[in-house]
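Everything below concerns the one structure shown next.
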Amino acid sequence: MRKTEYDFWPGNYISFPSSIKLFNDEETGWAIWQSPVISVTPESSMKVEVHSKQENILTKWSLVRVDGFDGEKWRWVEGMRLPLGSTGWVPRNFTFSVPSDIRAIKVGLSCTHAVNGVPAIAWFDDLGVYQDGVLIYANDFTAPLLRLAMSVAGPLTVGAGAIIVSEGLRPAS
């Protein structure tokens with residue numbers, strides 16, 4: 001089974017209260033998360049930042065990739081392979097120039113497949129996309145329903161996968 005889910009477990013996020021977790025226990029294929037379409041200016045300078053954590057990446061790799069739309073089709077523009085193995089949280093980034101025919105991009109996060117029944121897992125948090133030094137897209141991977149609850153119910157905290165009301169914390173904007 002390949003799945004993408006929000007992870008609330010303490011230690012499995014950088015920005016409170018959650019991260020995105022990509023899990024793959026299939027022997028082929030990838031678990032994938034993709035951003036919405038982001039408008040960009042051709043030939044501008046771009047930077048993609050994200051924190052990643054991974055477990056049991058035994059073959060191939062986890063990947064942060066950028067696809068661009070040229071008016072007819074989506075195609076690979078730039079990306080970064082994450083190393084094999086298991087790691088704690090690591091900040092990662094890469095830069096690139098937008099090709100002259102690209103006016104929109106999507107950022108994809110992916111996790112490779114299982115090996116000999118050992119599932120591959122990759123977590124991502126605090127994704128930022130910058131154009132000419134200006135932040136144009138950010139995602140801290142706060143679960144949408146939790147974000148809604150935080151805006152309606154007020155300050156919340158999450159511990160061990162449960163939502164607990166707490167004083168003095170401010171909801172994410």
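How things are named: the first chain in the structure tokens is A, the next is B, and so on; residues count from 1 in each chain; ligands count from 1 in the order shown.
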Using only C-alpha atoms, which protein or nucleic acid residues come within 10 Å of Gly79 (chain A)? Drop anything in the same chain fewer than 5 positions from it, and give the result as a ChimeraX atom specification.
/A:48,63-67,93-96,107-109
* To do: Would you list the contacts of Asp126 (chain A) as a list of chain:residue names, taking every protein, DNA or RNA residue within 8 Å and counting only C-alpha atoms, but skipping same-chain residues closer than 3 positions in sequence?
  => A:Ile14, A:Ser15, A:Glu49, A:Val50, A:His51, A:Ala138, A:Asn139, A:Asp140, A:Phe141
Among the residues of chain A, find those DSSP assigns to alpha helix (DSSP H) from the backbone and print them as an mmCIF file with C-alpha atoms, in the first residue's frame.
```cif
data_model
loop_
_atom_site.group_PDB
_atom_site.id
_atom_site.type_symbol
_atom_site.label_atom_id
_atom_site.label_comp_id
_atom_site.auth_asym_id
_atom_site.auth_seq_id
_atom_site.Cartn_x
_atom_site.Cartn_y
_atom_site.Cartn_z
ATOM 1 C CA PRO A 144 -6.489 20.926 6.837
ATOM 2 C CA LEU A 145 -9.074 19.781 9.399
ATOM 3 C CA LEU A 146 -6.714 20.616 12.249
ATOM 4 C CA ARG A 147 -6.074 24.049 10.702
ATOM 5 C CA LEU A 148 -9.844 24.568 10.566
ATOM 6 C CA ALA A 149 -10.245 23.386 14.168
ATOM 7 C CA MET A 150 -7.453 25.722 15.255
ATOM 8 C CA SER A 151 -9.140 28.686 13.612
ATOM 9 C CA VAL A 152 -12.561 27.859 15.120
ATOM 10 C CA ALA A 153 -11.677 26.461 18.565
#
```
Let me make sure I understand: among A:Lys47, A:Ser19, A:Asp132, A:Ile102, which one has the smallest atom-to-atom distance to Trp89 (chain A) if we use only C-alpha atoms?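 With only C-alpha atoms as the atom set, the closest residue is A:Ser19.
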Can you pull out every residue within 6 Å of region 122-125 of chain A, counting only C-alpha atoms, but drop anything in the same chain fewer than 4 positions away, and send it as a compact mmCIF listing (two decimals) with C-alpha atoms, in the first residue's frame?
```txt
# COMPACT_ATOMS: atom_id res chain seq x y z
CA SER A 19 4.36 16.88 8.74
CA ILE A 20 3.54 14.97 5.56
CA LYS A 21 4.48 11.27 5.67
CA LEU A 22 4.93 9.21 2.52
CA HIS A 51 13.14 19.58 5.78
CA SER A 52 13.22 15.82 5.23
CA LYS A 53 13.52 12.71 7.36
CA GLN A 54 13.60 9.17 6.02
CA CYS A 111 9.33 8.16 -1.52
CA ASP A 140 4.03 23.58 6.85
```
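For the choices A:Phe23, A:Gly117, A:Asp70, A:Ala104, the atom-to-atom distance to Glu55 (chain A) is smallest for A:Phe23 when using only C-alpha atoms.
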| message | Which residues are close to Ser100 (chain A), i.e. within 12 Å by only C-alpha atoms, leaving aside same-chain residues fewer than 5 positions away? Reply as a ChimeraX atom specification. | response | /A:40-45,68-71,77
Selection to disk with C-alpha atoms, as a CSV table (one decimal), in the first residue's frame:
```csv
chain,number,residue,atom,x,y,z
A,40,VAL,CA,6.4,31.7,-12.0
A,41,THR,CA,8.2,34.2,-14.2
A,42,PRO,CA,10.3,32.7,-17.0
A,43,GLU,CA,14.1,33.0,-16.5
A,44,SER,CA,13.7,33.9,-12.8
A,45,SER,CA,15.9,32.5,-10.1
A,68,GLY,CA,7.1,23.0,-15.2
A,69,PHE,CA,4.2,23.6,-17.7
A,70,ASP,CA,5.3,24.8,-21.1
A,71,GLY,CA,1.8,25.6,-22.4
A,77,VAL,CA,12.6,21.1,-14.7
```
(Q) From the options A:Ala114, A:Met46, A:Ile32, A:Ile105, which residue's atoms come nearest to Arg75 (chain A), counting only C-alpha atoms? (A)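 Checking each candidate against Arg75 (chain A), we get A:Ile105 as the closest.
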(request) Could you give me, as a PyMOL selection string, each residue of region 56-87 of chain A that DSSP assigns to strand (DSSP E) when run on this structure's backbone? (result) chain A and resi 56-57+63-69+74-81+85-87
Using only N, CA and C atoms, please write the residues we just selected to a file, as a tab-separated table (two decimals), in the first residue's frame.
```tsv
chain	number	residue	atom	x	y	z
A	56	ASN	N	14.56	3.63	5.99
A	56	ASN	CA	14.59	2.46	5.10
A	56	ASN	C	14.55	2.82	3.61
A	57	ILE	N	15.26	3.86	3.22
A	57	ILE	CA	15.38	4.16	1.79
A	57	ILE	C	16.56	3.33	1.31
A	63	LEU	N	12.85	11.88	-3.31
A	63	LEU	CA	13.12	12.91	-4.31
A	63	LEU	C	12.27	14.14	-4.04
A	64	VAL	N	12.87	15.32	-4.26
A	64	VAL	CA	12.14	16.58	-4.33
A	64	VAL	C	12.30	17.01	-5.79
A	65	ARG	N	11.19	17.21	-6.48
A	65	ARG	CA	11.29	17.54	-7.91
A	65	ARG	C	10.39	18.71	-8.26
A	66	VAL	N	10.78	19.40	-9.30
A	66	VAL	CA	9.98	20.51	-9.82
A	66	VAL	C	9.64	20.18	-11.27
A	67	ASP	N	8.35	20.18	-11.58
A	67	ASP	CA	7.88	20.03	-12.95
A	67	ASP	C	7.35	21.38	-13.41
A	68	GLY	N	7.56	21.69	-14.68
A	68	GLY	CA	7.09	22.95	-15.24
A	68	GLY	C	6.13	22.72	-16.39
A	69	PHE	N	5.21	23.68	-16.57
A	69	PHE	CA	4.24	23.61	-17.66
A	69	PHE	C	4.66	24.56	-18.77
A	74	TRP	N	3.39	19.06	-18.98
A	74	TRP	CA	4.26	19.16	-17.81
A	74	TRP	C	5.53	18.38	-18.09
A	75	ARG	N	6.66	18.94	-17.67
A	75	ARG	CA	7.94	18.25	-17.85
A	75	ARG	C	8.88	18.54	-16.68
A	76	TRP	N	9.83	17.66	-16.49
A	76	TRP	CA	10.86	17.81	-15.45
A	76	TRP	C	11.63	19.11	-15.69
A	77	VAL	N	11.84	19.90	-14.61
A	77	VAL	CA	12.64	21.11	-14.69
A	77	VAL	C	13.90	20.96	-13.84
A	78	GLU	N	13.72	20.55	-12.59
A	78	GLU	CA	14.87	20.42	-11.67
A	78	GLU	C	14.46	19.53	-10.51
A	79	GLY	N	15.44	19.05	-9.79
A	79	GLY	CA	15.11	18.23	-8.63
A	79	GLY	C	16.34	17.90	-7.81
A	80	MET	N	16.10	17.18	-6.73
A	80	MET	CA	17.17	16.79	-5.82
A	80	MET	C	16.87	15.40	-5.28
A	81	ARG	N	17.82	14.49	-5.46
A	81	ARG	CA	17.71	13.16	-4.86
A	81	ARG	C	18.22	13.23	-3.42
A	85	GLY	N	19.33	5.36	2.76
A	85	GLY	CA	19.48	5.07	4.18
A	85	GLY	C	18.37	5.68	5.01
A	86	SER	N	18.67	5.87	6.28
A	86	SER	CA	17.75	6.47	7.23
A	86	SER	C	18.42	7.71	7.81
A	87	THR	N	17.66	8.78	7.99
A	87	THR	CA	18.22	10.02	8.55
A	87	THR	C	17.21	10.64	9.51
```
Quick one: pull the distance between CA of Pro83 (chain A) and CA of Ile38 (chain A), Å, one decimal.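 Taking CA of Pro83 (chain A) as the start and CA of Ile38 (chain A) as the end point, the length is 26.9 Å.
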